[in-house]
>>> print(open('start33.csv').read())   # CSV, C-alpha atoms
chain,number,residue,atom,x,y,z
N,111,MET,CA,245.4,-28.9,200.5
N,112,ARG,CA,246.5,-30.8,203.6
N,113,GLN,CA,245.3,-34.4,203.9
N,114,PRO,CA,243.0,-34.5,206.9
N,115,GLU,CA,243.8,-36.7,209.9
N,116,PHE,CA,241.6,-39.7,210.6
N,117,SER,CA,240.6,-41.2,213.9
N,118,ASP,CA,240.5,-44.9,214.4
N,119,GLN,CA,237.6,-44.4,216.9
N,120,LYS,CA,234.8,-46.9,216.2
N,121,ILE,CA,231.3,-45.6,215.5
N,122,ASP,CA,228.4,-47.1,217.3
N,123,SER,CA,226.4,-48.4,214.4
N,124,PHE,CA,223.3,-49.4,216.3
N,125,SER,CA,223.1,-46.0,218.1
N,126,ALA,CA,223.3,-44.0,214.9
N,127,ALA,CA,220.9,-46.2,213.0
N,128,SER,CA,218.5,-46.4,215.9
N,129,LEU,CA,218.5,-42.7,216.5
N,130,HIS,CA,217.6,-41.9,212.9
N,131,ALA,CA,215.0,-44.7,212.7
N,132,ARG,CA,213.3,-43.4,215.8
N,133,ARG,CA,213.2,-39.9,214.3
N,134,GLN,CA,211.7,-41.3,211.1
N,135,GLN,CA,209.1,-43.2,213.2
N,136,ALA,CA,208.1,-40.1,215.2
N,137,ALA,CA,207.9,-37.9,212.1
N,138,LEU,CA,205.7,-40.5,210.2
N,139,GLN,CA,203.5,-41.0,213.3
N,140,GLU,CA,202.9,-37.2,213.4
N,141,ARG,CA,202.0,-37.2,209.7
N,142,LEU,CA,199.5,-40.0,210.2
N,143,SER,CA,198.1,-38.7,213.5
N,144,GLU,CA,194.6,-38.2,212.3
N,145,THR,CA,194.3,-41.7,210.8
N,146,GLY,CA,194.4,-43.7,214.0
N,147,ILE,CA,197.4,-45.8,212.6
N,148,ASP,CA,200.1,-46.7,215.1
N,149,VAL,CA,203.6,-46.5,213.6
N,150,VAL,CA,205.8,-49.0,215.3
N,151,LEU,CA,209.5,-49.4,214.8
N,152,ALA,CA,211.3,-52.8,214.5
N,153,MET,CA,214.9,-53.3,213.7
N,154,SER,CA,216.4,-56.1,211.6
N,155,TYR,CA,219.6,-55.7,213.6
N,156,GLY,CA,219.5,-54.3,217.1
N,157,ARG,CA,216.5,-53.4,219.3
N,158,PRO,CA,213.6,-53.3,219.3
N,159,GLY,CA,213.8,-56.6,217.3
N,160,LEU,CA,211.3,-57.6,214.6
N,161,GLY,CA,210.2,-60.7,216.4
N,162,ASP,CA,209.7,-58.9,219.7
N,163,ILE,CA,207.6,-56.2,218.1
N,164,LEU,CA,205.5,-58.7,216.3
N,165,ASP,CA,204.9,-60.6,219.5
N,166,GLN,CA,203.8,-57.4,221.1
N,167,LEU,CA,201.4,-56.6,218.2
N,168,HIS,CA,200.0,-60.1,218.5
N,169,ARG,CA,199.2,-59.5,222.2
N,170,GLN,CA,197.5,-56.3,221.2
N,171,LYS,CA,195.3,-58.3,218.7
N,172,VAL,CA,196.3,-56.4,215.7
N,173,ARG,CA,194.1,-57.3,212.8
N,174,ARG,CA,195.7,-55.4,209.9
N,175,LEU,CA,199.5,-55.1,209.5
N,176,LEU,CA,201.4,-53.1,207.0
N,177,VAL,CA,205.1,-53.8,206.8
N,178,LEU,CA,207.3,-51.0,205.3
N,179,PRO,CA,210.9,-52.0,205.1
N,180,LEU,CA,213.1,-48.9,204.9
N,181,TYR,CA,215.4,-50.3,202.2
N,182,PRO,CA,214.7,-48.2,199.1
N,183,GLN,CA,215.9,-50.9,196.6
N,184,TYR,CA,214.7,-54.5,197.0
N,185,SER,CA,217.2,-57.3,197.6
N,186,SER,CA,216.6,-60.8,198.9
N,187,THR,CA,219.4,-60.0,201.5
N,188,THR,CA,217.5,-57.0,203.0
N,189,VAL,CA,213.8,-56.7,202.1
N,190,GLY,CA,213.6,-60.4,201.5
N,191,SER,CA,215.0,-61.0,204.9
N,192,VAL,CA,212.4,-58.8,206.5
N,193,TRP,CA,209.7,-60.8,204.7
N,194,ASP,CA,211.2,-64.0,206.0
N,195,GLY,CA,211.3,-62.7,209.5
N,196,VAL,CA,207.7,-61.6,209.4
N,197,GLN,CA,206.6,-65.0,208.0
N,198,ARG,CA,208.5,-66.9,210.7
N,199,SER,CA,206.8,-64.8,213.5
N,200,LEU,CA,203.3,-65.2,212.0
N,201,THR,CA,203.7,-68.9,211.7
N,202,GLY,CA,202.7,-69.4,215.3
N,203,TRP,CA,199.7,-67.2,215.2
N,204,ARG,CA,196.2,-68.8,215.2
N,205,ASP,CA,194.6,-65.5,214.3
N,206,VAL,CA,196.8,-64.3,211.4
N,207,PRO,CA,196.1,-60.6,210.5
N,208,GLU,CA,195.6,-59.1,207.1
N,209,LEU,CA,199.2,-58.6,205.9
N,210,LEU,CA,200.3,-55.9,203.5
N,211,PHE,CA,203.9,-55.5,202.5
N,212,ILE,CA,205.7,-52.7,200.5
N,213,ARG,CA,208.5,-54.2,198.4
N,214,ASP,CA,210.6,-51.0,197.7
N,215,TYR,CA,210.5,-47.5,196.3
N,216,PRO,CA,213.6,-46.9,194.2
N,217,VAL,CA,212.1,-44.1,192.0
N,218,HIS,CA,209.5,-42.6,194.4
N,219,PRO,CA,209.5,-38.9,193.6
N,220,ASP,CA,209.7,-37.8,197.2
N,221,TYR,CA,212.6,-40.2,197.9
N,222,ILE,CA,214.5,-38.9,194.9
N,223,ALA,CA,213.6,-35.3,195.9
N,224,ALA,CA,215.2,-36.0,199.4
N,225,LEU,CA,218.4,-37.3,197.8
N,226,VAL,CA,218.5,-34.3,195.4
N,227,ALA,CA,218.0,-31.9,198.2
N,228,ARG,CA,220.9,-33.4,200.2
N,229,VAL,CA,223.2,-33.1,197.1
N,230,ARG,CA,222.1,-29.5,196.3
N,231,HIS,CA,222.6,-28.5,199.9
N,232,TYR,CA,226.1,-29.9,199.8
N,233,VAL,CA,226.9,-28.1,196.6
N,234,ALA,CA,225.6,-24.8,197.9
N,235,ASN,CA,227.9,-25.1,201.0
N,236,HIS,CA,231.0,-26.9,199.7
N,237,GLY,CA,231.1,-26.3,195.9
N,238,LYS,CA,230.4,-28.5,193.0
N,239,PRO,CA,232.4,-31.8,193.2
N,240,ASP,CA,234.4,-33.1,190.2
N,241,ARG,CA,232.5,-36.4,190.8
N,242,LEU,CA,229.4,-37.4,192.7
N,243,LEU,CA,229.7,-41.0,193.7
N,244,LEU,CA,226.6,-43.1,194.4
N,245,SER,CA,227.6,-45.9,196.7
N,246,TYR,CA,225.1,-48.8,197.1
N,247,HIS,CA,225.6,-51.8,199.4
N,248,GLY,CA,226.9,-54.7,197.3
N,249,ILE,CA,225.7,-58.2,197.1
N,250,PRO,CA,227.3,-61.4,195.6
N,251,VAL,CA,227.0,-61.7,191.9
N,252,ARG,CA,225.5,-65.2,192.3
N,253,TYR,CA,222.5,-63.7,194.0
N,254,ALA,CA,221.8,-61.4,191.0
N,255,GLU,CA,222.3,-64.4,188.6
N,256,ALA,CA,219.8,-66.3,190.6
N,257,GLY,CA,217.1,-63.7,190.1
N,258,ASP,CA,217.7,-61.0,192.8
N,259,ASP,CA,216.8,-57.8,190.8
N,260,TYR,CA,218.7,-55.5,193.2
N,261,PRO,CA,221.2,-54.3,190.5
N,262,GLU,CA,218.3,-53.1,188.4
N,263,ARG,CA,216.6,-51.4,191.3
N,264,CYS,CA,219.8,-49.5,192.0
N,265,ARG,CA,220.2,-48.6,188.3
N,266,LEU,CA,216.7,-47.1,188.4
N,267,THR,CA,217.6,-44.8,191.3
N,268,THR,CA,220.8,-43.8,189.6
N,269,GLU,CA,219.0,-42.9,186.4
N,270,GLN,CA,216.6,-40.6,188.3
N,271,LEU,CA,219.4,-38.8,190.0
N,272,LYS,CA,221.3,-38.3,186.8
N,273,ARG,CA,218.1,-36.8,185.3
N,274,ARG,CA,217.6,-34.5,188.3
N,275,LEU,CA,221.3,-33.5,188.6
N,276,PRO,CA,222.4,-33.1,185.0
N,277,ASP,CA,225.2,-30.7,185.9
N,278,LEU,CA,227.1,-33.2,187.9
N,279,ALA,CA,229.3,-36.1,186.8
N,280,ILE,CA,227.8,-39.1,188.5
N,281,THR,CA,229.3,-42.6,189.0
N,282,GLN,CA,227.7,-45.6,190.6
N,283,ALA,CA,229.6,-48.2,192.7
N,284,PHE,CA,229.0,-50.9,195.4
N,285,GLN,CA,230.5,-51.0,198.8
N,286,SER,CA,230.9,-53.4,201.8
N,287,LYS,CA,232.3,-56.4,200.0
N,288,PHE,CA,233.6,-59.2,202.2
N,289,GLY,CA,234.7,-62.8,201.6
N,290,ARG,CA,236.3,-64.2,198.4
N,291,GLU,CA,233.4,-64.6,196.0
N,292,GLU,CA,232.6,-62.2,193.3
N,293,TRP,CA,230.4,-59.2,194.2
N,294,LEU,CA,228.8,-56.5,192.2
N,295,THR,CA,231.2,-54.1,190.6
N,296,PRO,CA,232.7,-51.6,190.5
N,297,ALA,CA,233.7,-51.6,194.1
N,298,THR,CA,233.5,-48.2,195.9
N,299,ILE,CA,236.9,-48.5,197.5
N,300,ASP,CA,238.5,-49.3,194.1
N,301,THR,CA,236.6,-46.5,192.4
N,302,VAL,CA,237.8,-43.8,194.9
N,303,ARG,CA,241.4,-45.0,194.5
N,304,GLN,CA,241.1,-44.9,190.7
N,305,LEU,CA,239.6,-41.4,190.8
N,306,GLY,CA,242.4,-40.2,193.0
N,307,ARG,CA,245.1,-41.7,190.7
N,308,GLN,CA,243.4,-40.1,187.7
N,309,GLY,CA,243.8,-36.7,189.1
N,310,VAL,CA,240.2,-36.1,190.2
N,311,ARG,CA,240.5,-33.6,193.0
N,312,HIS,CA,237.1,-33.3,194.6
N,313,VAL,CA,234.7,-36.3,195.2
N,314,ALA,CA,231.4,-36.3,197.1
N,315,VAL,CA,229.8,-39.6,198.0
N,316,ILE,CA,226.2,-40.3,199.0
N,317,ALA,CA,224.6,-43.7,199.8
N,318,PRO,CA,221.2,-43.9,198.2
N,319,GLY,CA,220.6,-47.5,199.4
N,320,PHE,CA,220.7,-46.4,203.1
N,321,SER,CA,217.7,-44.6,204.4
N,322,ALA,CA,219.6,-43.8,207.6
N,323,ASP,CA,223.2,-43.3,208.5
N,324,CYS,CA,224.9,-46.2,210.1
N,325,LEU,CA,228.3,-47.9,210.4
N,326,GLU,CA,228.6,-48.6,206.7
N,327,THR,CA,228.1,-44.9,205.9
N,328,LEU,CA,229.7,-43.1,208.8
N,329,GLN,CA,232.8,-45.3,209.1
N,330,GLU,CA,233.2,-47.2,205.8
N,331,LEU,CA,232.4,-44.2,203.5
N,332,LYS,CA,233.2,-41.2,205.6
N,333,GLN,CA,236.5,-42.6,207.0
N,334,GLU,CA,237.9,-45.6,205.2
N,335,ASN,CA,237.0,-44.5,201.6
N,336,ALA,CA,238.1,-41.0,202.3
N,337,ARG,CA,241.5,-42.2,203.5
N,338,ALA,CA,241.9,-44.3,200.3
N,339,PHE,CA,241.0,-41.3,198.1
N,340,TYR,CA,243.6,-39.0,199.8
N,341,GLU,CA,246.3,-41.7,199.7
N,342,ALA,CA,245.7,-42.0,196.0
N,343,GLY,CA,246.3,-38.3,195.5
N,344,GLY,CA,242.8,-36.8,195.9
N,345,GLN,CA,242.3,-33.5,197.6
N,346,GLN,CA,238.8,-33.2,198.9
N,347,PHE,CA,236.4,-36.1,199.8
N,348,ASP,CA,233.1,-35.5,201.5
N,349,TYR,CA,230.3,-37.7,202.7
N,350,ILE,CA,226.7,-36.4,202.1
N,351,PRO,CA,224.3,-37.6,204.8
N,352,ALA,CA,221.6,-40.2,204.1
N,353,VAL,CA,218.0,-39.0,203.8
N,354,ASN,CA,217.4,-39.8,207.5
N,355,ASP,CA,214.4,-37.7,208.6
N,356,HIS,CA,214.5,-35.2,205.8
N,357,PRO,CA,211.0,-33.8,205.3
N,358,PHE,CA,210.9,-35.0,201.7
N,359,PHE,CA,211.7,-38.6,202.8
N,360,ILE,CA,209.0,-38.5,205.4
N,361,ASP,CA,206.7,-37.3,202.5
N,362,CYS,CA,207.8,-40.5,200.7
N,363,LEU,CA,207.0,-42.8,203.7
N,364,GLU,CA,203.7,-41.1,204.3
N,365,ASP,CA,202.7,-41.4,200.6
N,366,LEU,CA,203.7,-45.1,200.5
N,367,VAL,CA,201.5,-45.8,203.5
N,368,ARG,CA,198.5,-43.8,202.2
N,369,GLN,CA,198.7,-45.4,198.8
N,370,ARG,CA,199.0,-48.9,200.1
N,371,LEU,CA,196.1,-48.5,202.5
N,372,ARG,CA,194.1,-46.6,199.8
N,373,MET,CA,193.8,-43.5,202.0
N,374,PRO,CA,193.5,-39.9,200.8
N,375,VAL,CA,196.9,-38.8,199.4
N,376,LYS,CA,198.2,-35.3,200.1
N,377,ILE,CA,199.2,-33.3,197.1
N,378,LYS,CA,202.8,-32.2,197.0
N,379,SER,CA,205.3,-31.0,194.4
N,380,ASN,CA,209.0,-31.7,195.1
N,381,CYS,CA,210.0,-32.4,191.5
>>> encode(input="start33.csv", output="structure tokens")
Amino acid sequence: MRQPEFSDQKIDSFSAASLHARRQQAALQERLSETGIDVVLAMSYGRPGLGDILDQLHRQKVRRLLVLPLYPQYSSTTVGSVWDGVQRSLTGWRDVPELLFIRDYPVHPDYIAALVARVRHYVANHGKPDRLLLSYHGIPVRYAEAGDDYPERCRLTTEQLKRRLPDLAITQAFQSKFGREEWLTPATIDTVRQLGRQGVRHVAVIAPGFSADCLETLQELKQENARAFYEAGGQQFDYIPAVNDHPFFIDCLEDLVRQRLRMPVKIKSNC
């Protein structure tokens, strides 16, 4: 099989992430249309920014606020950062609203169902890969040693996917390392090179820690890691899209909101 050609064209991270986030927002708003709840999008990076949106809600005199970070696995670097940003914004409010916060959802049945559906759709169209690689965003080891339970939250998701996809050989790895300090291992880029050198011909990769495709999925995984795999002797490397606005993932978001607000929960069966 001929090695594919790669383009050095840069991907607009914010455009991709914003597009999928807006679709998620619209789909969730539709699901909650009868409740009177307004679903408002705020971005940690890009626009609309979290601080700007909270200022807007303050002017609207919001009295009850539920914050749902879209990161499936908690980390102080992601969900913790959202929490910090919310607290900073609320500090100046004299009329602080009731605040509800959803920490994460690494084993939510609908979230797992969305990932499984993505993988099964891939297998149906491209064949069974020799290895399914689950690539999570990495963090420095010292964060985990200081109490960040992100590695455990990732492990829980991986265990669920292994249980739901028993016919696939699954490997977990961590991407996006930068700087010189020690990060969680194994590194995705090292793993794909090793698989290529070991004679593994066909690898598919999915990023369970990303609820929407962005620079680190579309460029780092789909392009940079693919190139590394082919250069190491691999023959087929494919990226499986994030859950984005898959109906099962919107089921997950809807259920999280309804459960947290103690609203009637719709009965579904995606397992």
>>> residues_around(input="start33.csv", residues="N:Gly306", least_positions_apart="2", cutoff="9 Å", atoms="all atoms listed in the file", output="tab-separated table (two decimals) with C-alpha atoms, in the coordinates of the input")
chain	number	residue	atom	x	y	z
N	301	THR	CA	236.60	-46.50	192.40
N	302	VAL	CA	237.80	-43.80	194.90
N	303	ARG	CA	241.40	-45.00	194.50
N	304	GLN	CA	241.10	-44.90	190.70
N	308	GLN	CA	243.40	-40.10	187.70
N	309	GLY	CA	243.80	-36.70	189.10
N	310	VAL	CA	240.20	-36.10	190.20
N	311	ARG	CA	240.50	-33.60	193.00
N	312	HIS	CA	237.10	-33.30	194.60
N	313	VAL	CA	234.70	-36.30	195.20
N	338	ALA	CA	241.90	-44.30	200.30
N	339	PHE	CA	241.00	-41.30	198.10
N	340	TYR	CA	243.60	-39.00	199.80
N	341	GLU	CA	246.30	-41.70	199.70
N	342	ALA	CA	245.70	-42.00	196.00
N	343	GLY	CA	246.30	-38.30	195.50
N	344	GLY	CA	242.80	-36.80	195.90
N	345	GLN	CA	242.30	-33.50	197.60
>>> closest_atom_pairs(input="start33.csv", of="stretch 279-362 of chain N", to="stretch 135-145 of chain N", cutoff="9 Å", atoms="only C-alpha atoms", output="CSV")
residue,atom,partner,partner_atom,distance
N:Asp355,CA,N:Ala137,CA,7.4
N:Pro357,CA,N:Ala137,CA,8.5
N:Ile360,CA,N:Leu138,CA,6.2
N:Asp361,CA,N:Leu138,CA,8.4
>>> closest_residue(input="start33.csv", among="N:Ala256, N:Ala314, N:Ile212, N:Val206", to="N:Pro182", atoms="all atoms listed in the file")
N:Ile212
>>> closest_residue(input="start33.csv", among="N:Val226, N:Cys362, N:Ile249, N:Ala126", to="N:Glu291", atoms="only C-alpha atoms")
N:Ile249
>>> closest_residue(input="start33.csv", among="N:Arg370, N:Arg241, N:Arg157, N:Lys272", to="N:Phe347", atoms="all atoms listed in the file")
N:Arg241
>>> residues_near_point(input="start33.csv", point="(233.1, -51.7, 193.7)", cutoff="6 Å", atoms="all atoms listed in the file", output="PyMOL selection string")
chain N and resi 283-285+295-298+300
>>> residues_around(input="start33.csv", residues="N:Leu176", least_positions_apart="5", cutoff="10 Å", atoms="all atoms listed in the file", output="PyMOL selection string")
chain N and resi 149+207-212+367+370-371
>>> atom_distance(input="start33.csv", atom1="atom CA of N:Ser245", atom2="atom CA of N:Tyr221")
16.1 Å
>>> atom_distance(input="start33.csv", atom1="atom CA of N:Ala224", atom2="atom CA of N:Pro276")
16.4 Å
>>> closest_residue(input="start33.csv", among="N:Asp240, N:Asp214, N:Glu334, N:Asp258", to="N:Ile299", atoms="all atoms listed in the file")
N:Glu334
>>> closest_residue(input="start33.csv", among="N:Ala317, N:Leu266, N:Leu164, N:Leu200", to="N:His247", atoms="only C-alpha atoms")
N:Ala317
>>> closest_residue(input="start33.csv", among="N:Ile350, N:Ala227, N:Val217, N:Ile222", to="N:Glu262", atoms="all atoms listed in the file")
N:Val217
>>> atom_distance(input="start33.csv", atom1="atom CA of N:His231", atom2="atom CA of N:Ser128")
24.4 Å
